Structure formats: C-alpha cells, structure tokens
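Content type CSV, C-alpha atoms, from the file entry_6.csv:
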chain,number,residue,atom,x,y,z
A,1,MET,CA,52.2,127.3,51.1
A,2,ARG,CA,55.4,125.9,52.6
A,3,LEU,CA,56.1,126.6,56.3
A,4,LEU,CA,59.6,126.3,57.7
A,5,TYR,CA,60.7,126.3,61.3
A,6,PHE,CA,64.1,126.7,62.8
A,7,ALA,CA,65.9,126.4,66.2
A,8,TRP,CA,63.5,126.1,69.1
A,9,VAL,CA,60.5,126.9,67.0
A,10,ARG,CA,61.3,123.7,65.0
A,11,GLN,CA,61.7,121.7,68.3
A,12,LYS,CA,58.4,123.0,69.8
A,13,VAL,CA,56.4,122.5,66.6
A,14,GLY,CA,57.9,119.0,66.2
A,15,CYS,CA,59.0,119.3,62.5
A,16,GLY,CA,61.1,121.6,60.4
A,17,GLU,CA,58.8,121.9,57.4
A,18,GLU,CA,55.2,121.4,56.5
A,19,GLU,CA,52.8,122.1,53.6
A,20,PHE,CA,49.8,124.3,54.6
A,21,ARG,CA,46.8,125.4,52.7
A,22,LEU,CA,46.3,129.1,53.4
A,23,PRO,CA,42.7,130.1,53.9
A,24,ASP,CA,41.4,133.2,52.1
A,25,ASN,CA,40.9,135.3,55.2
A,26,VAL,CA,44.6,135.3,56.3
A,27,PRO,CA,46.2,138.4,54.8
A,28,THR,CA,49.4,138.8,56.9
A,29,VAL,CA,52.1,137.0,58.8
A,30,ALA,CA,50.5,138.1,62.1
A,31,ALA,CA,47.2,136.5,61.0
A,32,LEU,CA,49.0,133.3,60.0
A,33,VAL,CA,50.6,133.1,63.4
A,34,GLU,CA,47.2,133.3,65.1
A,35,LEU,CA,45.9,130.5,62.8
A,36,LEU,CA,49.0,128.3,63.5
A,37,LYS,CA,48.5,128.6,67.2
A,38,ALA,CA,45.4,126.4,66.9
A,39,ARG,CA,47.1,123.8,64.8
A,40,GLY,CA,48.2,121.6,67.7
A,41,PRO,CA,49.8,121.7,71.2
A,42,GLY,CA,53.4,122.0,69.7
A,43,HIS,CA,52.3,124.9,67.5
A,44,ALA,CA,50.5,126.5,70.4
A,45,GLN,CA,53.7,126.5,72.5
A,46,ALA,CA,55.9,127.7,69.6
A,47,PHE,CA,53.7,130.6,68.7
A,48,ALA,CA,52.5,131.5,72.2
A,49,ASP,CA,54.5,134.7,72.3
A,50,PRO,CA,54.9,136.1,68.8
A,51,SER,CA,57.3,138.8,70.1
A,52,LEU,CA,59.9,136.1,70.5
A,53,LEU,CA,59.6,135.2,66.8
A,54,ARG,CA,61.0,136.5,63.6
A,55,ALA,CA,59.7,135.7,60.1
A,56,ALA,CA,60.9,135.4,56.5
A,57,CYS,CA,58.8,135.4,53.4
A,58,ASN,CA,60.4,133.7,50.4
A,59,GLN,CA,63.8,133.9,52.1
A,60,GLU,CA,63.6,137.6,53.0
A,61,HIS,CA,63.2,139.0,56.5
A,62,VAL,CA,59.7,140.5,56.9
A,63,ARG,CA,57.7,142.1,59.6
A,64,PHE,CA,54.6,140.6,60.9
A,65,ASP,CA,52.4,143.0,59.0
A,66,ALA,CA,53.8,141.7,55.7
A,67,ALA,CA,51.3,140.2,53.2
A,68,VAL,CA,51.2,136.4,52.7
A,69,SER,CA,49.8,134.3,49.9
A,70,ASP,CA,49.3,130.5,49.4
A,71,ASP,CA,52.4,130.2,47.1
A,72,ASP,CA,54.8,131.7,49.6
A,73,GLU,CA,57.5,130.0,51.6
A,74,ILE,CA,57.2,131.4,55.1
A,75,ALA,CA,59.8,130.7,57.8
A,76,PHE,CA,59.5,131.3,61.6
A,77,PHE,CA,62.5,131.4,63.8
A,78,PRO,CA,64.0,133.1,66.9
A,79,PRO,CA,66.3,136.1,66.5
A,80,VAL,CA,69.4,135.0,64.7
A,81,THR,CA,72.6,134.3,66.7
A,82,GLY,CA,75.3,133.4,64.1
A,83,GLY,CA,78.7,134.9,63.6
B,1,MET,CA,85.9,138.7,43.9
B,2,ILE,CA,83.2,137.6,46.3
B,3,THR,CA,83.4,134.2,47.9
B,4,ILE,CA,80.6,132.9,50.2
B,5,ARG,CA,80.6,129.5,51.7
B,6,VAL,CA,78.5,127.7,54.3
B,7,GLN,CA,80.1,124.5,55.3
B,8,SER,CA,80.6,122.0,58.1
B,9,ASP,CA,84.3,121.6,57.3
B,10,ASP,CA,87.0,123.7,58.9
B,11,PHE,CA,88.8,126.3,56.8
B,12,ASP,CA,92.4,127.4,56.6
B,13,VAL,CA,92.7,131.2,57.1
B,14,GLY,CA,96.1,131.3,55.3
B,15,VAL,CA,94.8,129.5,52.2
B,16,GLU,CA,91.7,131.8,52.0
B,17,CYS,CA,93.9,134.9,52.3
B,18,GLU,CA,96.2,133.6,49.6
B,19,SER,CA,93.3,132.9,47.2
B,20,LEU,CA,91.7,136.3,48.0
B,21,THR,CA,94.8,138.3,47.2
B,22,ARG,CA,96.2,136.2,44.3
B,23,HIS,CA,96.1,138.0,40.9
B,24,GLN,CA,95.5,141.3,42.8
B,25,GLY,CA,98.8,143.2,42.8
B,26,GLU,CA,96.9,146.4,43.6
B,27,THR,CA,95.7,145.1,47.0
B,28,GLY,CA,97.4,147.0,49.8
B,29,ALA,CA,95.3,145.9,52.8
B,30,LEU,CA,93.9,142.5,53.8
B,31,VAL,CA,91.8,142.5,57.0
B,32,THR,CA,90.6,139.2,58.4
B,33,PHE,CA,88.3,138.3,61.3
B,34,THR,CA,88.0,134.8,62.6
B,35,GLY,CA,85.3,133.9,65.1
B,36,LEU,CA,85.9,131.0,67.5
B,37,VAL,CA,83.7,128.9,69.7
B,38,ARG,CA,84.3,130.5,73.1
B,39,GLY,CA,84.7,127.9,75.8
B,40,ASP,CA,83.9,128.5,79.5
B,41,GLY,CA,85.1,125.2,81.0
B,42,LYS,CA,81.7,123.7,80.9
B,43,LEU,CA,80.7,124.1,77.3
B,44,ARG,CA,80.9,120.7,75.5
B,45,ALA,CA,79.9,121.8,72.0
B,46,LEU,CA,78.0,124.4,70.0
B,47,ARG,CA,75.7,123.3,67.2
B,48,LEU,CA,75.0,125.8,64.4
B,49,GLU,CA,71.7,125.5,62.4
B,50,HIS,CA,70.9,127.7,59.4
B,51,TYR,CA,68.3,128.3,56.7
B,52,PRO,CA,69.8,126.9,53.5
B,53,GLY,CA,69.2,129.3,50.6
B,54,MET,CA,68.3,132.3,52.7
B,55,THR,CA,71.7,132.2,54.4
B,56,GLU,CA,73.6,132.5,51.2
B,57,ARG,CA,71.1,135.1,49.9
B,58,GLU,CA,71.4,137.3,53.1
B,59,ILE,CA,75.2,137.1,53.1
B,60,ALA,CA,75.3,138.1,49.4
B,61,LEU,CA,73.1,141.1,50.2
B,62,ILE,CA,75.4,142.1,53.0
B,63,THR,CA,78.5,141.8,50.8
B,64,SER,CA,76.8,143.9,48.1
B,65,GLU,CA,76.0,146.6,50.7
B,66,ALA,CA,79.7,146.6,51.8
B,67,GLU,CA,80.9,147.0,48.2
B,68,SER,CA,78.6,149.9,47.7
B,69,ARG,CA,79.9,151.6,50.8
B,70,TRP,CA,83.7,151.1,50.4
B,71,PRO,CA,86.1,150.6,47.5
B,72,LEU,CA,86.9,146.9,48.0
B,73,GLN,CA,88.8,144.4,45.9
B,74,GLY,CA,87.5,141.2,47.3
B,75,ILE,CA,85.5,139.6,50.2
B,76,THR,CA,85.5,136.1,51.5
B,77,ILE,CA,82.9,135.0,54.0
B,78,ILE,CA,82.9,131.4,55.3
B,79,HIS,CA,80.5,130.3,58.0
B,80,ARG,CA,80.5,126.8,59.5
B,81,VAL,CA,77.4,124.9,60.6
B,82,GLY,CA,76.9,121.7,62.5
B,83,GLU,CA,78.6,120.7,65.8
B,84,LEU,CA,81.7,122.6,66.8
B,85,ALA,CA,83.9,122.1,69.9
B,86,PRO,CA,85.3,125.0,72.1
B,87,GLY,CA,88.2,126.7,70.3
B,88,ALA,CA,86.9,125.7,66.8
B,89,ARG,CA,86.7,128.3,64.1
B,90,ILE,CA,83.1,129.3,63.3
B,91,VAL,CA,83.4,132.2,60.9
B,92,LEU,CA,85.9,134.0,58.6
B,93,VAL,CA,85.4,137.4,57.2
B,94,ALA,CA,88.3,138.5,54.9
B,95,VAL,CA,88.3,141.8,53.1
B,96,ALA,CA,90.9,143.0,50.5
B,97,ALA,CA,91.2,146.7,49.5
B,98,ALA,CA,93.8,149.1,48.3
B,99,HIS,CA,93.9,150.9,51.7
B,100,ARG,CA,93.4,149.8,55.2
B,101,ALA,CA,90.6,152.2,56.3
B,102,ALA,CA,88.2,150.6,53.9
B,103,ALA,CA,89.2,147.1,54.7
B,104,PHE,CA,89.0,147.5,58.5
B,105,ALA,CA,85.6,149.3,58.2
B,106,ALA,CA,84.1,146.8,55.8
B,107,ALA,CA,85.2,143.8,57.9
B,108,GLN,CA,83.6,145.2,61.0
B,109,PHE,CA,80.4,146.1,59.1
B,110,LEU,CA,80.2,142.6,57.6
B,111,MET,CA,80.5,141.0,61.0
B,112,ASP,CA,78.0,143.3,62.6
B,113,TYR,CA,75.5,142.6,59.8
B,114,LEU,CA,76.2,138.9,59.7
B,115,LYS,CA,75.4,138.6,63.4
B,116,THR,CA,72.0,140.3,63.1
B,117,ARG,CA,70.8,139.4,59.5
B,118,ALA,CA,72.2,136.0,58.5
B,119,PRO,CA,69.8,133.2,59.6
B,120,PHE,CA,72.1,131.1,61.8
B,121,TRP,CA,71.2,129.8,65.3
B,122,LYS,CA,73.5,128.5,68.0
B,123,GLU,CA,72.6,125.8,70.4
B,124,GLU,CA,74.9,125.2,73.4
B,125,PHE,CA,75.5,121.8,75.0
B,126,ARG,CA,76.6,121.7,78.6
B,127,GLY,CA,76.8,118.3,80.3
B,128,ALA,CA,73.4,116.7,79.6
B,129,ASP,CA,71.7,120.1,79.0
B,130,SER,CA,71.2,122.1,75.8
B,131,ARG,CA,70.0,125.6,75.3
B,132,TRP,CA,69.5,128.0,72.4
B,133,VAL,CA,71.8,131.1,72.6
B,134,ALA,CA,69.8,134.3,73.2
B,135,PRO,CA,70.5,137.2,70.9
B,136,ASN,CA,72.9,139.8,72.3
B,137,SER,CA,71.5,143.3,72.4
B,138,GLY,CA,75.0,144.7,71.9
B,139,ASP,CA,75.0,143.0,68.5
B,140,ASP,CA,71.8,144.9,67.5
B,141,GLU,CA,73.4,148.2,68.6
B,142,ALA,CA,76.6,147.4,66.7
B,143,ALA,CA,74.6,146.8,63.5
B,144,LEU,CA,72.5,149.9,64.1
B,145,LYS,CA,75.4,152.3,64.1
B,146,TRP,CA,76.0,151.6,60.4
B,147,ARG,CA,72.6,152.9,59.4
Would you mind writing the file's structure down as structure tokens?
Amino acid sequence: MRLLYFAWVRQKVGCGEEEFRLPDNVPTVAALVELLKARGPGHAQAFADPSLLRAACNQEHVRFDAAVSDDDEIAFFPPVTGG
Amino acid sequence: MITIRVQSDDFDVGVECESLTRHQGETGALVTFTGLVRGDGKLRALRLEHYPGMTEREIALITSEAESRWPLQGITIIHRVGELAPGARIVLVAVAAAHRAAAFAAAQFLMDYLKTRAPFWKEEFRGADSRWVAPNSGDDEAALKWR
C-alpha cells in the first residue's frame, strides 16, 4: 500500500510518502495506526494520539473503523485548515 | 460551468468574474468571496500545503452538492498553495445564479464546506518560529448547519 502524510504528521514521520506491505491481520485504519506506531520513533510521535489525526482512503475522507487493503492509498493528516 | 483550480499563482477577481458570467445573459446575481492572509503585525508568511488529487476531488464533490441544492449557473473556486504574505489572496469562491438568494447561500455553503472538507493545511511563520494552524471549532459548526 501507499502511505501519505501531510502537515505536522509528515514532519514527525520524516517523509511525505512511503510504500508499506500491509500484513493480513490489519483490517482497519485504526489497526494500521497501531501498527505504524511501532515503525520508528518519528512514527511513534506522529501516531501517539490518534484523536488528533484524520485519514483518507483512496482520496476520500474515512473514519478509523474503515476497512483497509494492501492496494489502498491511505493518507494521515491533522484536521484540515484551508479556505 | 464549474471551474476548480489549485495554484501557487495569484488570481484576478475581475477576470474570473468576467469569465464566469460571459455567455450567460441570464445571470442576475454574481456573489464572490475572497479570503486573504490575515496579518497581525508579527505574521511573516503563511504556507499552504495540500493533498494533490484529493483536493480537486473534494472541491468537485462540494460544488456538485451546491448545484444539487440551489439553481446555479456557474461556480469558480480557486485556492492558492505555497508561501503567501499577509494581505495576499488565498481563496476565491464565485457563484453565478439567476437570483441573489441562491448565489449568496451557495457561496457561504461552499466556503463552509471548503474549510472543513478540502485537504489544505496552513503553517504560520512568525520570526524564527513556525506552527501549524489549529482547526477552528466555529468552522465545524458553520459546516454542520447545512446538514
């Protein structure tokens, strides 16, 4: 899968984009977040408090109980502040 | 006609209004909103980041929703990205309709939804410091009233 990070999530993780092989036992965005926390110190910091994060699956806003699969593009970011 | 642009360049409100209403002799109302970088004496610059692809897609969804709610003749939405100085234009929402009620309502709806749905993030630069702008709960409430 393709993971994208924006704003301070990108800064904390240390990159804007990475390829990731989704294991079989990770059914939802929430489960993916738990897994990503263990990927490194930057990820641990970025994903420490999931309530601060929002997610998109294939460029659509999704909740953390949404299903994920290995061919998805998943993005994590803070609440949007455009306009 | 729907026009959606995400760009680093500035835009000319007059030119955009002209192109939105050209060929539309039946337009009786043109409402525009221009958002500017609000300075406070210390703000050096604002940097806008976005999610290319999703941004255009979300704005297209928002404009379709507006068209399904009001009888509109055209919408132009331009949102700038990159580094912007205080006073610079950030966003333009222009709505053409036969009558003003639809144009006013749709322009407000579009801005309220743009603020809470379109994937843009603002980073403020003050002196040597920078910080990501926190979402405004008033924006969420403004968007909720359209449900």
Selection near A:Ala55, 9 Å with all atoms listed in the file, sequence-local residues under 2 positions removed, as a list in words: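 My list of contacting residues is Val29, Leu53, Cys57, Glu60, His61, Val62, Arg63, Phe64, Ile74, Ala75, Phe76, Phe77 and Pro78 of chain A.
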Nearest to B:Ile77 by atom-to-atom distance, counting all atoms listed in the file, from A:Gly83, A:Gly42, A:Asp49, A:Ala7: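 Between A:Gly83, A:Gly42, A:Asp49, A:Ala7, the residue approaching B:Ile77 most closely is A:Gly83.
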Distance table requested - chain B against chain A, cut-off 12 Å, only C-alpha atoms: one row per qualifying residue with the closest atom pair and its distance in Å to one decimal, ordered by chain and rising residue number, as a Markdown table.
| residue | atom | partner | partner_atom | distance |
| --- | --- | --- | --- | --- |
| B:Val6 | CA | A:Gly83 | CA | 11.8 |
| B:Phe33 | CA | A:Gly83 | CA | 10.4 |
| B:Thr34 | CA | A:Gly83 | CA | 9.4 |
| B:Gly35 | CA | A:Gly83 | CA | 6.8 |
| B:Leu36 | CA | A:Gly83 | CA | 9.1 |
| B:Val37 | CA | A:Gly83 | CA | 9.9 |
| B:Arg38 | CA | A:Gly83 | CA | 11.9 |
| B:Leu46 | CA | A:Gly82 | CA | 11.1 |
| B:Arg47 | CA | A:Ala7 | CA | 10.3 |
| B:Leu48 | CA | A:Gly82 | CA | 7.6 |
| B:Glu49 | CA | A:Ala7 | CA | 7.0 |
| B:His50 | CA | A:Phe6 | CA | 7.7 |
| B:Tyr51 | CA | A:Phe6 | CA | 7.6 |
| B:Pro52 | CA | A:Gln59 | CA | 9.3 |
| B:Gly53 | CA | A:Gln59 | CA | 7.3 |
| B:Met54 | CA | A:Gln59 | CA | 4.8 |
| B:Thr55 | CA | A:Gln59 | CA | 8.4 |
| B:Glu56 | CA | A:Gln59 | CA | 9.9 |
| B:Arg57 | CA | A:Gln59 | CA | 7.7 |
| B:Glu58 | CA | A:Glu60 | CA | 7.8 |
| B:Ile59 | CA | A:Gly83 | CA | 11.3 |
| B:Leu61 | CA | A:Glu60 | CA | 10.5 |
| B:Ile77 | CA | A:Gly83 | CA | 10.5 |
| B:Ile78 | CA | A:Gly83 | CA | 9.9 |
| B:His79 | CA | A:Gly83 | CA | 7.5 |
| B:Arg80 | CA | A:Gly83 | CA | 9.3 |
| B:Val81 | CA | A:Gly82 | CA | 9.4 |
| B:Gly82 | CA | A:Gly82 | CA | 11.9 |
| B:Arg89 | CA | A:Gly83 | CA | 10.4 |
| B:Ile90 | CA | A:Gly83 | CA | 7.1 |
| B:Val91 | CA | A:Gly83 | CA | 6.1 |
| B:Leu92 | CA | A:Gly83 | CA | 8.8 |
| B:Val93 | CA | A:Gly83 | CA | 9.6 |
| B:Gln108 | CA | A:Gly83 | CA | 11.7 |
| B:Leu110 | CA | A:Gly83 | CA | 9.9 |
| B:Met111 | CA | A:Gly83 | CA | 6.9 |
| B:Asp112 | CA | A:Gly83 | CA | 8.5 |
| B:Tyr113 | CA | A:Gly83 | CA | 9.2 |
| B:Leu114 | CA | A:Gly83 | CA | 6.1 |
| B:Lys115 | CA | A:Gly83 | CA | 5.0 |
| B:Thr116 | CA | A:Val80 | CA | 6.1 |
| B:Arg117 | CA | A:Val80 | CA | 7.0 |
| B:Ala118 | CA | A:Val80 | CA | 6.9 |
| B:Pro119 | CA | A:Val80 | CA | 5.4 |
| B:Phe120 | CA | A:Gly82 | CA | 4.6 |
| B:Trp121 | CA | A:Thr81 | CA | 4.9 |
| B:Lys122 | CA | A:Thr81 | CA | 6.0 |
| B:Glu123 | CA | A:Ala7 | CA | 7.9 |
| B:Glu124 | CA | A:Thr81 | CA | 11.5 |
| B:Ser130 | CA | A:Trp8 | CA | 11.0 |
| B:Arg131 | CA | A:Trp8 | CA | 9.0 |
| B:Trp132 | CA | A:Trp8 | CA | 7.1 |
| B:Val133 | CA | A:Thr81 | CA | 6.8 |
| B:Ala134 | CA | A:Thr81 | CA | 7.1 |
| B:Pro135 | CA | A:Thr81 | CA | 5.5 |
| B:Asn136 | CA | A:Thr81 | CA | 7.9 |
| B:Ser137 | CA | A:Pro79 | CA | 10.7 |
| B:Gly138 | CA | A:Thr81 | CA | 11.9 |
| B:Asp139 | CA | A:Thr81 | CA | 9.2 |
| B:Asp140 | CA | A:Pro79 | CA | 10.4 |
Nearby residues (all atoms listed in the file) at most 12 Å from B:Ala105, same-chain spacing under 5 positions excluded, as a PyMOL selection string: chain B and resi 29-33+66-67+69-72+93-97+99-100+110-112+146
Can you write out the residues you just picked, keeping C-alpha atoms, as a PDB file, in the coordinates of the input?
ATOM      1  CA  ALA B  29      95.300 145.900  52.800  1.00  0.00           C
ATOM      2  CA  LEU B  30      93.900 142.500  53.800  1.00  0.00           C
ATOM      3  CA  VAL B  31      91.800 142.500  57.000  1.00  0.00           C
ATOM      4  CA  THR B  32      90.600 139.200  58.400  1.00  0.00           C
ATOM      5  CA  PHE B  33      88.300 138.300  61.300  1.00  0.00           C
ATOM      6  CA  ALA B  66      79.700 146.600  51.800  1.00  0.00           C
ATOM      7  CA  GLU B  67      80.900 147.000  48.200  1.00  0.00           C
ATOM      8  CA  ARG B  69      79.900 151.600  50.800  1.00  0.00           C
ATOM      9  CA  TRP B  70      83.700 151.100  50.400  1.00  0.00           C
ATOM     10  CA  PRO B  71      86.100 150.600  47.500  1.00  0.00           C
ATOM     11  CA  LEU B  72      86.900 146.900  48.000  1.00  0.00           C
ATOM     12  CA  VAL B  93      85.400 137.400  57.200  1.00  0.00           C
ATOM     13  CA  ALA B  94      88.300 138.500  54.900  1.00  0.00           C
ATOM     14  CA  VAL B  95      88.300 141.800  53.100  1.00  0.00           C
ATOM     15  CA  ALA B  96      90.900 143.000  50.500  1.00  0.00           C
ATOM     16  CA  ALA B  97      91.200 146.700  49.500  1.00  0.00           C
ATOM     17  CA  HIS B  99      93.900 150.900  51.700  1.00  0.00           C
ATOM     18  CA  ARG B 100      93.400 149.800  55.200  1.00  0.00           C
ATOM     19  CA  LEU B 110      80.200 142.600  57.600  1.00  0.00           C
ATOM     20  CA  MET B 111      80.500 141.000  61.000  1.00  0.00           C
ATOM     21  CA  ASP B 112      78.000 143.300  62.600  1.00  0.00           C
ATOM     22  CA  TRP B 146      76.000 151.600  60.400  1.00  0.00           C
TER      23      TRP B 146
END
Which residue of B:Lys145, B:Arg44, B:Met1, B:Ser8 approaches B:Arg22 most closely, using all atoms listed in the file: B:Met1
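Going from atom CA of B:Thr21 to atom CA of B:Asp9 covers 22.2 Å.
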For atom CA of A:Phe20 and atom CA of A:Leu3, the interatomic separation in Å (one decimal):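 Result for atom CA of A:Phe20 versus atom CA of A:Leu3: 6.9 Å, one decimal.
Residues within 10 Å of A:Asp65, counting all atoms listed in the file and excluding same-chain residues fewer than 3 positions away, are Pro27, Thr28, Val29, Ala30, Ala31, Val62 and Val68 of chain A.
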One-decimal distance in Å that lies between atom CA of B:Glu65 and atom CA of B:Asp12: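 Atom CA of B:Glu65 lies 25.9 Å from atom CA of B:Asp12.
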Counting all atoms listed in the file, the residue of A:Met1, A:Ala67, A:Val33, A:His43 that sits nearest A:Cys15: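 That would be A:His43, the residue with the smallest distance to A:Cys15.
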Non-local contacts of A:Glu34 (10 Å; only C-alpha atoms; under 6 positions in same chain excluded) as number ranges by chain: A: 26, 44, 47-48, 50
File of the preceding selection, C-alpha atoms, as a compact mmCIF listing (two decimals), keeping the file's coordinate frame:
# COMPACT_ATOMS: atom_id res chain seq x y z
CA VAL A 26 44.60 135.30 56.30
CA ALA A 44 50.50 126.50 70.40
CA PHE A 47 53.70 130.60 68.70
CA ALA A 48 52.50 131.50 72.20
CA PRO A 50 54.90 136.10 68.80
Residue contacts of A:Asp70 (9 Å, only C-alpha atoms) excluding same-chain residues fewer than 3 positions away, as a list in words: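 Listing them by chain and then by number gives Met1, Arg2, Phe20, Arg21, Leu22, Pro23, Asp24 and Glu73 of chain A.
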